[in-house]
>>> print(open('model.cif').read())   # mmCIF, C-alpha atoms and all ligand atoms
data_input
loop_
_atom_site.label_atom_id
_atom_site.label_comp_id
_atom_site.auth_asym_id
_atom_site.auth_seq_id
_atom_site.Cartn_x
_atom_site.Cartn_y
_atom_site.Cartn_z
CA MET B 241 3.64 49.80 35.76
CA SER B 242 7.17 49.05 36.92
CA THR B 243 10.40 49.38 34.92
CA PRO B 244 10.98 46.17 32.95
CA THR B 245 13.98 44.19 34.18
CA ASP B 246 16.73 42.45 32.23
CA GLN B 247 14.96 39.15 32.93
CA GLN B 248 11.73 40.53 31.42
CA PHE B 249 13.69 41.45 28.30
CA LEU B 250 15.06 37.91 28.03
CA ASP B 251 11.58 36.46 28.62
CA ASP B 252 10.08 38.71 25.93
CA PHE B 253 12.93 37.71 23.60
CA ALA B 254 12.05 34.04 24.12
CA THR B 255 8.35 34.73 23.44
CA MET B 256 9.21 36.79 20.37
CA SER B 257 11.26 33.91 18.98
CA THR B 258 8.20 31.61 18.98
CA PHE B 259 6.63 33.52 16.06
CA GLY B 260 7.56 31.64 12.91
CA ALA B 261 9.81 29.32 14.95
CA THR B 262 11.53 26.57 12.94
CA ALA B 263 12.38 23.05 14.06
CA GLY B 264 16.08 23.92 13.91
CA GLY B 265 15.83 26.65 16.56
CA GLY B 266 15.53 29.60 14.19
CA VAL B 267 12.65 31.56 12.65
CA ASP B 268 10.97 31.93 9.26
CA ARG B 269 9.14 35.24 9.34
CA GLN B 270 9.36 36.66 5.87
CA ALA B 271 7.81 40.06 5.29
CA GLY B 272 4.05 40.20 5.04
CA THR B 273 3.49 36.52 5.92
CA ALA B 274 1.13 35.26 8.62
CA ALA B 275 4.07 34.84 11.03
CA ASP B 276 5.12 38.46 10.45
CA GLY B 277 1.51 39.51 11.15
CA GLU B 278 1.31 37.50 14.40
CA GLN B 279 4.61 38.98 15.51
CA ARG B 280 3.36 42.48 14.80
CA ARG B 281 0.16 41.93 16.78
CA TRP B 282 2.23 40.69 19.72
CA LEU B 283 4.55 43.71 19.54
CA ALA B 284 1.53 46.04 19.31
CA GLY B 285 0.16 44.50 22.53
CA LEU B 286 3.48 44.96 24.30
CA LEU B 287 3.68 48.63 23.25
CA GLU B 288 0.05 49.44 24.03
CA ALA B 289 0.29 47.89 27.48
CA ARG B 290 2.99 50.48 28.22
CA GLY B 291 0.92 53.40 26.94
CA PHE B 292 2.41 53.68 23.42
CA THR B 293 0.09 54.39 20.47
CA VAL B 294 0.59 51.88 17.66
CA ARG B 295 0.19 53.04 14.05
CA TYR B 296 1.14 51.82 10.58
CA ASP B 297 2.34 54.00 7.72
CA ARG B 298 1.65 53.60 4.01
CA ILE B 299 4.37 50.95 3.52
CA GLY B 300 3.53 48.99 6.65
CA ASN B 301 6.22 50.24 9.00
CA GLN B 302 4.90 49.63 12.52
CA TRP B 303 5.30 52.58 14.89
CA GLY B 304 4.93 52.71 18.68
CA LEU B 305 4.59 56.38 19.59
CA LEU B 306 5.19 57.97 22.97
CA ASP B 307 3.98 61.56 22.79
CA LEU B 308 5.28 63.65 25.66
CA VAL B 309 6.20 66.95 24.02
CA PRO B 310 3.33 68.37 21.93
CA GLY B 311 4.43 69.17 18.39
CA ALA B 312 8.04 67.98 18.81
CA PRO B 313 9.59 65.53 16.33
CA TYR B 314 10.63 62.01 17.35
CA VAL B 315 13.70 60.04 18.25
CA VAL B 316 13.19 56.97 16.05
CA VAL B 317 14.57 53.75 17.50
CA GLY B 318 14.14 50.26 16.11
CA SER B 319 15.06 47.70 13.49
CA HIS B 320 13.11 44.95 11.66
CA MET B 321 11.27 41.81 12.73
CA ASP B 322 11.00 40.17 9.31
CA SER B 323 13.51 37.42 8.57
CA GLN B 324 15.09 35.38 5.82
CA PRO B 325 13.80 31.81 5.40
CA THR B 326 15.19 29.46 8.12
CA ALA B 327 16.97 32.41 9.72
CA GLY B 328 18.27 33.20 13.18
CA ARG B 329 16.35 34.71 16.08
CA TYR B 330 18.51 37.83 16.51
CA ASP B 331 18.86 39.56 13.14
CA GLY B 332 16.66 42.66 13.36
CA ALA B 333 14.27 41.27 15.97
CA TYR B 334 16.79 41.90 18.75
CA GLY B 335 16.98 45.55 17.70
CA VAL B 336 13.21 46.08 17.73
CA LEU B 337 12.75 44.46 21.13
CA ALA B 338 15.77 46.31 22.57
CA ALA B 339 14.27 49.55 21.23
CA ALA B 340 10.92 48.76 22.86
CA HIS B 341 12.51 47.90 26.22
CA ALA B 342 14.80 50.94 26.11
CA ALA B 343 11.71 53.05 25.47
CA PHE B 344 9.78 51.33 28.30
CA ARG B 345 12.62 52.01 30.74
CA LEU B 346 12.78 55.67 29.76
CA ALA B 347 9.00 56.11 29.71
CA GLU B 348 8.83 54.84 33.28
CA GLU B 349 11.62 57.16 34.35
CA TRP B 350 10.02 60.18 32.66
CA ARG B 351 6.66 59.31 34.23
CA THR B 352 8.10 59.24 37.74
CA SER B 353 10.64 62.08 37.61
CA GLU B 354 9.93 65.56 36.32
CA ASP B 355 13.63 66.59 36.14
CA ALA B 356 14.32 63.98 33.51
CA ALA B 357 11.72 65.33 31.02
CA PRO B 358 12.69 64.76 27.37
CA ALA B 359 12.82 67.45 24.69
CA LEU B 360 11.59 65.15 21.93
CA ASN B 361 8.96 62.46 21.46
CA LEU B 362 9.90 58.82 21.08
CA ALA B 363 8.97 56.37 18.31
CA VAL B 364 9.77 52.66 18.41
CA VAL B 365 9.81 51.30 14.85
CA ASN B 366 9.54 47.85 13.32
CA TRP B 367 10.56 48.56 9.71
CA PHE B 368 8.71 46.61 7.02
CA ASN B 369 10.68 44.18 4.86
CA GLU B 370 14.31 44.88 5.70
CA GLU B 371 15.36 41.47 4.41
CA GLY B 372 14.02 41.70 0.87
CA SER B 373 13.70 37.93 0.66
CA ARG B 374 10.02 37.71 -0.33
CA PHE B 375 9.75 41.19 -1.85
CA LYS B 376 12.70 43.03 -3.38
CA PRO B 377 14.49 45.32 -2.71
CA SER B 378 15.70 44.96 0.86
CA MET B 379 15.27 47.82 3.35
CA MET B 380 11.95 48.59 1.67
CA GLY B 381 10.15 50.22 4.61
CA SER B 382 13.00 52.55 5.50
CA SER B 383 13.62 53.33 1.81
CA VAL B 384 10.05 54.56 1.45
CA TYR B 385 10.13 56.44 4.77
CA THR B 386 13.34 58.24 3.75
CA GLY B 387 12.05 59.03 0.25
CA LYS B 388 14.51 56.77 -1.61
CA MET B 389 11.64 54.75 -3.09
CA THR B 390 8.04 55.74 -3.68
CA ALA B 391 5.30 53.98 -1.72
CA GLU B 392 3.51 53.28 -5.02
CA ALA B 393 6.55 51.43 -6.45
CA ALA B 394 7.06 49.45 -3.24
CA LEU B 395 3.38 48.51 -2.89
CA ALA B 396 3.34 47.20 -6.47
CA VAL B 397 6.27 44.77 -5.96
CA THR B 398 5.15 41.13 -6.20
CA ASP B 399 6.56 37.93 -4.71
CA LEU B 400 7.28 34.78 -6.76
CA GLN B 401 3.59 33.78 -6.49
CA GLY B 402 2.40 37.14 -7.84
CA VAL B 403 1.12 38.51 -4.47
CA SER B 404 1.83 42.23 -4.17
CA VAL B 405 3.16 44.09 -1.13
CA ALA B 406 -0.15 46.03 -1.08
CA GLU B 407 -2.15 42.78 -0.94
CA ALA B 408 0.08 41.21 1.72
CA LEU B 409 -0.10 44.29 3.95
CA ALA B 410 -3.87 44.66 3.50
CA ALA B 411 -4.36 40.99 4.46
CA LEU B 412 -2.48 41.63 7.71
CA GLY B 413 -4.26 44.94 8.37
CA CYS B 414 -0.84 46.56 8.77
CA VAL B 415 -1.04 49.58 6.47
CA ASP B 416 -2.53 53.07 6.74
CA ASP B 417 -2.76 56.30 4.79
CA TRP B 418 0.01 58.02 6.78
CA ASP B 419 3.65 58.98 6.13
CA GLY B 420 4.93 58.13 9.61
CA PRO B 421 6.15 60.51 12.34
CA GLU B 422 8.71 63.26 11.75
CA ALA B 423 12.17 62.10 12.86
CA ALA B 424 14.74 64.28 14.64
CA SER B 425 17.35 61.54 15.16
CA CYS B 426 17.60 57.78 15.03
CA ALA B 427 19.23 54.82 16.77
CA GLU B 428 19.42 51.13 15.88
CA ILE B 429 21.10 48.18 17.54
CA HIS B 430 21.85 44.95 15.67
CA ILE B 431 24.03 41.86 15.86
CA GLU B 432 27.37 42.22 14.08
CA GLN B 433 26.81 39.18 11.79
CA GLY B 434 30.62 38.88 11.53
CA ARG B 435 33.50 37.77 13.75
CA SER B 436 35.48 40.94 14.41
CA MET B 437 34.01 41.96 17.76
CA GLU B 438 34.20 38.46 19.20
CA ARG B 439 37.82 38.23 18.00
CA ASP B 440 38.70 41.56 19.62
CA GLY B 441 36.78 40.86 22.82
CA VAL B 442 34.53 43.93 22.62
CA GLN B 443 30.87 44.04 23.62
CA ILE B 444 29.82 47.16 21.74
CA GLY B 445 30.51 48.06 18.11
CA LEU B 446 30.17 51.68 17.03
CA VAL B 447 29.24 51.62 13.37
CA HIS B 448 30.96 54.52 11.57
CA SER B 449 30.22 53.61 7.93
CA ASN B 450 28.88 50.93 5.64
CA TRP B 451 30.31 48.83 2.82
CA ALA B 452 29.21 49.73 -0.71
CA VAL B 453 27.00 47.25 -2.52
CA ASN B 454 25.98 46.60 -6.13
CA LYS B 455 23.20 44.06 -6.58
CA TYR B 456 22.38 42.77 -10.08
CA GLU B 457 19.56 40.74 -11.51
CA PHE B 458 20.52 38.56 -14.48
CA VAL B 459 18.15 36.78 -16.81
CA VAL B 460 19.78 33.97 -18.80
CA ARG B 461 17.72 32.86 -21.79
CA GLY B 462 18.23 29.58 -23.62
CA GLU B 463 15.89 27.06 -25.17
CA GLN B 464 13.90 24.26 -23.59
CA SER B 465 14.90 20.79 -24.81
CA HIS B 466 15.33 17.14 -23.77
CA THR B 467 18.29 16.48 -21.46
CA GLY B 468 18.78 13.04 -23.01
CA SER B 469 18.02 13.31 -26.66
CA THR B 470 19.25 16.80 -27.55
CA ALA B 471 22.76 16.79 -29.04
CA ILE B 472 25.20 18.67 -26.80
CA GLU B 473 26.10 21.09 -29.59
CA ASP B 474 22.41 21.91 -30.09
CA ARG B 475 21.77 22.84 -26.47
CA ARG B 476 21.07 26.35 -25.30
CA ASP B 477 21.21 25.63 -21.58
CA ALA B 478 20.23 28.64 -19.47
CA LEU B 479 21.36 26.86 -16.30
CA LEU B 480 24.83 26.36 -17.77
CA GLY B 481 25.08 30.12 -18.39
CA ALA B 482 23.77 30.83 -14.88
CA SER B 483 26.33 28.46 -13.38
CA MET B 484 29.08 30.38 -15.15
CA LEU B 485 27.84 33.51 -13.37
CA VAL B 486 27.94 31.74 -10.01
CA LEU B 487 31.56 30.71 -10.58
CA LEU B 488 32.49 34.13 -11.94
CA ALA B 489 31.17 35.76 -8.75
CA ARG B 490 33.60 33.68 -6.68
CA GLU B 491 36.48 34.34 -9.09
CA ILE B 492 35.92 38.06 -8.65
CA ALA B 493 36.01 37.76 -4.86
CA ASP B 494 39.19 35.66 -5.14
CA ALA B 495 40.79 38.34 -7.32
CA PHE B 496 40.44 40.86 -4.42
CA PRO B 497 41.18 38.74 -1.35
CA GLY B 498 39.46 40.05 1.77
CA GLN B 499 38.35 43.19 -0.04
CA VAL B 500 35.39 42.04 -2.09
CA HIS B 501 32.48 39.80 -1.08
CA THR B 502 30.26 38.28 -3.79
CA SER B 503 27.50 35.72 -4.03
CA VAL B 504 24.55 34.52 -6.00
CA GLY B 505 21.84 34.06 -3.39
CA GLN B 506 18.75 33.33 -5.42
CA MET B 507 18.05 31.52 -8.66
CA GLU B 508 14.74 30.78 -10.37
CA ILE B 509 15.00 28.04 -12.95
CA TYR B 510 12.38 27.48 -15.63
CA PRO B 511 10.87 24.96 -16.04
CA ASN B 512 13.00 23.38 -13.26
CA SER B 513 11.98 19.90 -14.24
CA PRO B 514 13.82 16.61 -14.57
CA VAL B 515 14.79 15.72 -18.15
CA VAL B 516 14.41 19.32 -19.34
CA VAL B 517 17.25 21.64 -20.31
CA ALA B 518 16.33 24.97 -18.67
CA SER B 519 15.14 27.72 -20.97
CA ARG B 520 15.31 30.58 -18.49
CA VAL B 521 17.13 31.37 -15.26
CA ARG B 522 16.78 34.53 -13.24
CA LEU B 523 19.41 35.08 -10.62
CA LEU B 524 20.55 37.71 -8.18
CA LEU B 525 24.21 38.46 -7.70
CA ASP B 526 25.73 40.89 -5.25
CA LEU B 527 29.14 42.52 -5.02
CA ARG B 528 30.30 44.35 -1.89
CA SER B 529 33.41 46.22 -0.76
CA ALA B 530 34.47 48.72 1.88
CA ASP B 531 36.34 50.62 -0.83
CA GLU B 532 34.37 52.12 -3.70
CA ALA B 533 37.43 52.14 -6.01
CA VAL B 534 37.89 48.41 -5.42
CA LEU B 535 34.18 47.82 -5.96
CA ALA B 536 34.43 49.70 -9.27
CA LYS B 537 37.30 47.40 -10.35
CA ALA B 538 35.35 44.30 -9.32
CA ASP B 539 32.34 45.63 -11.19
CA ALA B 540 34.43 46.25 -14.31
CA MET B 541 35.75 42.68 -14.08
CA LEU B 542 32.17 41.39 -13.86
CA HIS B 543 31.06 43.32 -16.94
CA GLU B 544 34.12 42.34 -18.93
CA ARG B 545 33.86 38.66 -18.09
CA ILE B 546 30.12 38.24 -18.61
CA ALA B 547 30.58 39.21 -22.23
CA ALA B 548 32.04 35.72 -22.90
CA ILE B 549 29.11 33.78 -21.38
CA PRO B 550 26.57 33.99 -24.24
CA ALA B 551 28.95 32.34 -26.73
CA ALA B 552 30.31 29.84 -24.20
CA ALA B 553 26.83 28.57 -23.20
CA SER B 554 24.83 29.46 -26.35
CA VAL B 555 22.50 31.69 -24.35
CA GLU B 556 21.42 35.30 -24.17
CA LEU B 557 22.08 37.35 -21.07
CA ASP B 558 20.18 40.40 -19.77
CA VAL B 559 21.59 42.43 -16.90
CA HIS B 560 19.42 44.64 -14.72
CA THR B 561 20.72 46.80 -11.91
CA GLY B 562 18.92 45.72 -8.79
CA HIS B 563 19.89 47.86 -5.83
CA SER B 564 23.07 49.60 -4.83
CA TRP B 565 24.41 51.92 -2.18
CA PRO B 566 27.74 53.70 -1.69
CA VAL B 567 30.13 53.74 1.27
CA THR B 568 28.74 56.48 3.50
CA PRO B 569 29.63 57.61 7.00
CA TYR B 570 27.34 57.70 9.99
CA GLN B 571 27.50 61.10 11.71
CA PRO B 572 30.79 61.19 13.70
CA GLU B 573 28.95 63.05 16.50
CA GLY B 574 26.75 59.98 16.92
CA VAL B 575 29.74 57.64 17.06
CA GLU B 576 31.27 59.91 19.73
CA LEU B 577 28.06 60.02 21.72
CA ALA B 578 27.81 56.21 21.71
CA ALA B 579 31.51 55.87 22.63
CA LYS B 580 30.93 58.10 25.65
CA VAL B 581 27.94 56.03 26.73
CA ALA B 582 29.85 52.73 26.37
CA ALA B 583 32.79 54.17 28.32
CA ASP B 584 30.47 55.48 31.07
CA LEU B 585 28.99 52.00 31.38
CA GLY B 586 32.48 50.46 31.60
CA LEU B 587 32.09 48.41 28.42
CA GLU B 588 34.77 47.53 25.86
CA TYR B 589 33.92 49.05 22.47
CA LYS B 590 35.47 49.70 19.07
CA PRO B 591 34.54 51.38 15.79
CA VAL B 592 33.28 48.98 13.11
CA MET B 593 31.97 49.10 9.55
CA THR B 594 28.80 47.29 8.63
CA LEU B 595 29.05 44.89 5.71
CA ALA B 596 25.29 44.35 5.61
CA GLY B 597 22.81 47.08 4.80
CA HIS B 598 20.50 48.18 7.62
CA ASP B 599 17.50 50.46 7.94
CA SER B 600 19.84 52.86 9.73
CA THR B 601 21.91 52.95 6.52
CA ASN B 602 18.91 54.74 5.01
CA MET B 603 18.00 56.75 8.12
CA LYS B 604 21.46 58.28 8.54
CA ASP B 605 20.94 60.07 5.21
CA LEU B 606 17.85 61.77 6.66
CA VAL B 607 18.73 62.47 10.31
CA PRO B 608 21.72 62.00 12.64
CA THR B 609 21.80 58.27 13.40
CA VAL B 610 23.60 56.07 15.90
CA MET B 611 24.19 52.44 14.88
CA LEU B 612 25.35 49.94 17.51
CA PHE B 613 26.46 46.32 17.20
CA VAL B 614 26.68 43.47 19.69
CA PRO B 615 28.88 40.42 18.93
CA SER B 616 27.70 37.37 17.00
CA VAL B 617 29.08 34.02 18.18
CA ASP B 618 31.31 32.65 15.38
CA GLY B 619 29.96 35.38 13.10
CA ILE B 620 27.03 33.12 12.12
CA SER B 621 24.04 34.92 10.57
CA HIS B 622 21.16 34.25 8.17
CA ASN B 623 21.30 30.79 9.74
CA GLU B 624 19.24 29.13 12.48
CA LEU B 625 22.37 28.84 14.63
CA GLU B 626 22.79 32.63 14.87
CA PHE B 627 23.56 33.39 18.53
CA THR B 628 24.49 36.27 20.81
CA LYS B 629 25.20 35.71 24.51
CA ASP B 630 22.64 37.05 26.99
CA GLU B 631 25.28 39.22 28.67
CA ASP B 632 26.03 40.91 25.32
CA VAL B 633 22.36 41.29 24.48
CA LEU B 634 21.82 43.01 27.86
CA ALA B 635 24.93 45.20 27.57
CA GLY B 636 23.61 46.36 24.18
CA LEU B 637 20.22 47.14 25.70
CA ALA B 638 21.89 49.22 28.44
CA VAL B 639 23.91 51.22 25.88
CA LEU B 640 20.91 51.73 23.61
CA THR B 641 18.83 52.97 26.55
CA GLU B 642 21.46 55.57 27.46
CA VAL B 643 21.92 56.62 23.84
CA VAL B 644 18.17 57.11 23.42
CA ARG B 645 17.98 59.02 26.71
CA ARG B 646 20.56 61.49 25.35
CA LEU B 647 18.92 61.69 21.94
CA ALA B 648 15.56 62.39 23.60
CA LYS B 649 17.15 65.35 25.39
CA GLY B 650 17.87 66.76 21.94
CA GLU B 651 21.53 65.73 21.59
CA LEU B 652 22.36 65.14 17.93
CA ALA B 653 18.86 66.14 16.74
CA ARG B 654 18.75 67.20 13.11
CA ASP B 655 18.23 70.86 13.91
CA THR B 656 20.96 70.89 16.55
CA VAL B 657 23.54 69.30 14.25
CA ALA B 658 22.54 71.61 11.39
CA ALA B 659 22.79 74.66 13.67
CA GLU B 660 26.24 73.62 14.90
CA ALA B 661 27.44 72.98 11.35
CA ALA B 662 26.16 76.43 10.33
CA ALA B 663 27.84 78.09 13.32
CA ALA B 664 31.16 76.46 12.38
CA HIS B 665 31.09 78.15 8.94
O1 LIG B 701 22.77 43.69 3.38
C1 LIG B 701 21.74 43.54 2.71
O2 LIG B 701 21.74 43.35 1.52
C2 LIG B 701 20.41 43.63 3.40
O3 LIG B 701 19.81 44.79 3.05
N1 LIG B 701 20.52 43.56 4.81
MN MN B 702 19.07 42.75 9.91
MN MN B 703 19.27 39.95 7.65
#
>>> encode(input="model.cif", output="structure tokens", more="lines below")
Ligand code: HGY
Ligand code: MN
Ligand code: MN
Amino acid sequence: MSTPTDQQFLDDFATMSTFGATAGGGVDRQAGTAADGEQRRWLAGLLEARGFTVRYDRIGNQWGLLDLVPGAPYVVVGSHMDSQPTAGRYDGAYGVLAAAHAAFRLAEEWRTSEDAAPALNLAVVNWFNEEGSRFKPSMMGSSVYTGKMTAEAALAVTDLQGVSVAEALAALGCVDDWDGPEAASCAEIHIEQGRSMERDGVQIGLVHSNWAVNKYEFVVRGEQSHTGSTAIEDRRDALLGASMLVLLAREIADAFPGQVHTSVGQMEIYPNSPVVVASRVRLLLDLRSADEAVLAKADAMLHERIAAIPAAASVELDVHTGHSWPVTPYQPEGVELAAKVAADLGLEYKPVMTLAGHDSTNMKDLVPTVMLFVPSVDGISHNELEFTKDEDVLAGLAVLTEVVRRLAKGELARDTVAAEAAAAH
């Protein structure tokens, strides 16, 4: 088989974007749905045609393994192919396909030239349920792989219809009694989902750390009644209390301009019927900042201000912590390695923080991890209009290929970094 060209990557990207395609030019490929399953079967075919062995682990992460060095651990490279509802074509899916094509290019090179032989094996990964839209929390597959969540807890999570992760994965035939391959290092490429790279005219972002996030689940409890006949003073309107939380989230962001991002992204209203005052609303609110001290202040403001809502709306309010992660650095050696690659390829690059969580956010806590960004036009993401120019997509693929080549030689591998750290002490 010949080395896949840039045009073949773009053609595969177009084919990939047909799975779960929406009328508005985006995709709807939520985790564990039929569209996710079709996509996975297509990816499996692509990997197997190039001699990779496809396997699933116990939480449905899809692995394409290239075993060249018996007994050696793996360079793990990939992202996620699940999406939000009516989402864009690039978020996650670009990273998995770029990983596959980077791996195909290297596999071909290693097959035809003995000098280039790698020191490690290679695993392309399509993480299960990064988005967390159908099943919470987000980054589920990488959280289980890295030991931050148990497989049992993840498999028991249900969607709004009561279908569990275990049932959804079994229906797709995408789960196995296996923990996944042993990682030595990791790389992921993703769209920026913001405007900073486009503004600064750079093609490659070197992610050096991530924003901290606190996600909360609130349940607002009131009492069901008639929207017409119930006296206003008698109402216990759960949706009124929930609306106060929505507004409070924005007030908190406005109190820390540019430093704190907040939103309520999901609300379930019961009974959600005309002429009925809602008795129960469940909603998810998230707070994010690049500065943990600022996030702590925003969090304190949230907790102080929610105390007034029960009396103001005649409701009861339960708060549950959903999911959170701190600001943490990616290994500086990985940022340096990627900077060298981008410079060697003559590309403009800059260090960036990621505001969104990624599977690499989990992986970097397990093994040395390189996280790359390519620009997003107008910063649009989680939207059907999400777009990255072909030239940027291809520049990202070239950088990822070189990064993975170096990782496969053993640069940055967990044992190497640990040995160097030990030698420095
Ligand atoms: O950023 C998020 O919350 C998601 O995990 N990508
Ligand atoms: Mn993503
Ligand atoms: Mn996303």
>>> residues_near_ligand(input="model.cif", ligand="ligand MN 702 (chain B)", cutoff="10 Å", atoms="only C-alpha atoms and all ligand atoms", output="PyMOL selection string")
chain B and resi 319-324+330-335+369-371+378-379+429-433+596-599+621-622
>>> closest_residue(input="model.cif", among="B:Pro310, B:Gly372, B:Gly291, B:Gly264", to="ligand MN 703 (chain B)", atoms="only C-alpha atoms and all ligand atoms")
B:Gly372
>>> axis_aligned_box(input="model.cif", around="ligand LIG 701 (chain B)", padding_each_side="6 Å", output="AutoDock Vina command-line options")
--center_x 21.3 --center_y 44.1 --center_z 3.2 --size_x 15.0 --size_y 13.4 --size_z 15.3
>>> residues_near_point(input="model.cif", point="(5.2, 51.8, 19.6)", cutoff="6 Å", atoms="all atoms listed in the file", output="list in words")
Leu287, Phe292, Thr293, Val294, Trp303, Gly304, Leu305 and Val364 of chain B
>>> write_last_selection(input="model.cif", atoms="C-alpha atoms", output="tab-separated table (two decimals), in the frame of the given file")
chain	number	residue	atom	x	y	z
B	287	LEU	CA	3.68	48.63	23.25
B	292	PHE	CA	2.41	53.68	23.42
B	293	THR	CA	0.09	54.39	20.47
B	294	VAL	CA	0.59	51.88	17.66
B	303	TRP	CA	5.30	52.58	14.89
B	304	GLY	CA	4.93	52.71	18.68
B	305	LEU	CA	4.59	56.38	19.59
B	364	VAL	CA	9.77	52.66	18.41
>>> atom_distance(input="model.cif", atom1="CA of Glu573 in chain B", atom2="CA of Ala530 in chain B")
21.2 Å
>>> residues_around(input="model.cif", residues="range 604-606 of chain B", least_positions_apart="2", cutoff="9 Å", atoms="all atoms listed in the file", output="VMD selection string")
chain B and resid 386 423 to 426 568 to 571 599 to 602 608 to 610 654
>>> atom_distance(input="model.cif", atom1="CA of Gly260 in chain B", atom2="CA of Ala275 in chain B")
5.1 Å
>>> closest_residue(input="model.cif", among="B:Leu634, B:Leu595, B:Leu337, B:Leu395", to="ligand LIG 701 (chain B)", atoms="only C-alpha atoms and all ligand atoms")
B:Leu595
>>> closest_residue(input="model.cif", among="B:Ala327, B:Leu306, B:Ile299, B:Ala548", to="ligand MN 703 (chain B)", atoms="only C-alpha atoms and all ligand atoms")
B:Ala327
>>> atom_distance(input="model.cif", atom1="CA of Ile509 in chain B", atom2="CA of Glu556 in chain B")
14.8 Å
>>> closest_residue(input="model.cif", among="B:Ile492, B:Val453, B:Ile472, B:Met541", to="Ser564 in chain B", atoms="only C-alpha atoms")
B:Val453
>>> closest_residue(input="model.cif", among="B:Leu346, B:Thr502, B:Gln248, B:Leu286", to="ligand LIG 701 (chain B)", atoms="all atoms listed in the file")
B:Thr502
>>> residues_around(input="model.cif", residues="Gly562 in chain B", least_positions_apart="5", cutoff="8 Å", atoms="only C-alpha atoms", output="MDAnalysis selection string")
chainID B and resid 377 454:457
>>> write_last_selection(input="model.cif", atoms="C-alpha atoms", output="mmCIF file, keeping the file's coordinate frame")
data_model
loop_
_atom_site.group_PDB
_atom_site.id
_atom_site.type_symbol
_atom_site.label_atom_id
_atom_site.label_comp_id
_atom_site.auth_asym_id
_atom_site.auth_seq_id
_atom_site.Cartn_x
_atom_site.Cartn_y
_atom_site.Cartn_z
ATOM 1 C CA PRO B 377 14.490 45.320 -2.710
ATOM 2 C CA ASN B 454 25.980 46.600 -6.130
ATOM 3 C CA LYS B 455 23.200 44.060 -6.580
ATOM 4 C CA TYR B 456 22.380 42.770 -10.080
ATOM 5 C CA GLU B 457 19.560 40.740 -11.510
#
>>> closest_residue(input="model.cif", among="B:Val643, B:Asp276, B:Trp565, B:Thr258", to="Asp584 in chain B", atoms="all atoms listed in the file")
B:Val643
>>> residues_around(input="model.cif", residues="Pro511 in chain B", least_positions_apart="6", cutoff="10 Å", atoms="only C-alpha atoms", output="JSON, numbers by chain")
{"B": [464, 517, 518, 519, 520, 521]}
>>> residues_around(input="model.cif", residues="Arg351 in chain B", least_positions_apart="6", cutoff="12 Å", atoms="only C-alpha atoms", output="JSON, numbers by chain")
{"B": [241, 242, 243, 290, 291, 306, 307, 308, 343, 344, 345, 357, 358]}
>>> write_last_selection(input="model.cif", atoms="C-alpha atoms", output="PDB file, in the coordinates of the input")
ATOM      1  CA  MET B 241       3.640  49.800  35.760  1.00  0.00           C
ATOM      2  CA  SER B 242       7.170  49.050  36.920  1.00  0.00           C
ATOM      3  CA  THR B 243      10.400  49.380  34.920  1.00  0.00           C
ATOM      4  CA  ARG B 290       2.990  50.480  28.220  1.00  0.00           C
ATOM      5  CA  GLY B 291       0.920  53.400  26.940  1.00  0.00           C
ATOM      6  CA  LEU B 306       5.190  57.970  22.970  1.00  0.00           C
ATOM      7  CA  ASP B 307       3.980  61.560  22.790  1.00  0.00           C
ATOM      8  CA  LEU B 308       5.280  63.650  25.660  1.00  0.00           C
ATOM      9  CA  ALA B 343      11.710  53.050  25.470  1.00  0.00           C
ATOM     10  CA  PHE B 344       9.780  51.330  28.300  1.00  0.00           C
ATOM     11  CA  ARG B 345      12.620  52.010  30.740  1.00  0.00           C
ATOM     12  CA  ALA B 357      11.720  65.330  31.020  1.00  0.00           C
ATOM     13  CA  PRO B 358      12.690  64.760  27.370  1.00  0.00           C
TER      14      PRO B 358
END
>>> residues_around(input="model.cif", residues="range 416-420 of chain B", least_positions_apart="2", cutoff="6 Å", atoms="all atoms listed in the file", output="list in words")
Tyr296, Asp297 and Arg298 of chain B
>>> residues_near_point(input="model.cif", point="(16.5, 32.4, 13.0)", cutoff="7 Å", atoms="only C-alpha atoms", output="PDB file with C-alpha atoms, keeping the file's coordinate frame")
ATOM      1  CA  GLY B 265      15.830  26.650  16.560  1.00  0.00           C
ATOM      2  CA  GLY B 266      15.530  29.600  14.190  1.00  0.00           C
ATOM      3  CA  VAL B 267      12.650  31.560  12.650  1.00  0.00           C
ATOM      4  CA  ASP B 268      10.970  31.930   9.260  1.00  0.00           C
ATOM      5  CA  THR B 326      15.190  29.460   8.120  1.00  0.00           C
ATOM      6  CA  ALA B 327      16.970  32.410   9.720  1.00  0.00           C
ATOM      7  CA  GLY B 328      18.270  33.200  13.180  1.00  0.00           C
ATOM      8  CA  ARG B 329      16.350  34.710  16.080  1.00  0.00           C
ATOM      9  CA  TYR B 330      18.510  37.830  16.510  1.00  0.00           C
ATOM     10  CA  HIS B 622      21.160  34.250   8.170  1.00  0.00           C
ATOM     11  CA  ASN B 623      21.300  30.790   9.740  1.00  0.00           C
ATOM     12  CA  GLU B 624      19.240  29.130  12.480  1.00  0.00           C
ATOM     13  CA  GLU B 626      22.790  32.630  14.870  1.00  0.00           C
TER      14      GLU B 626
END
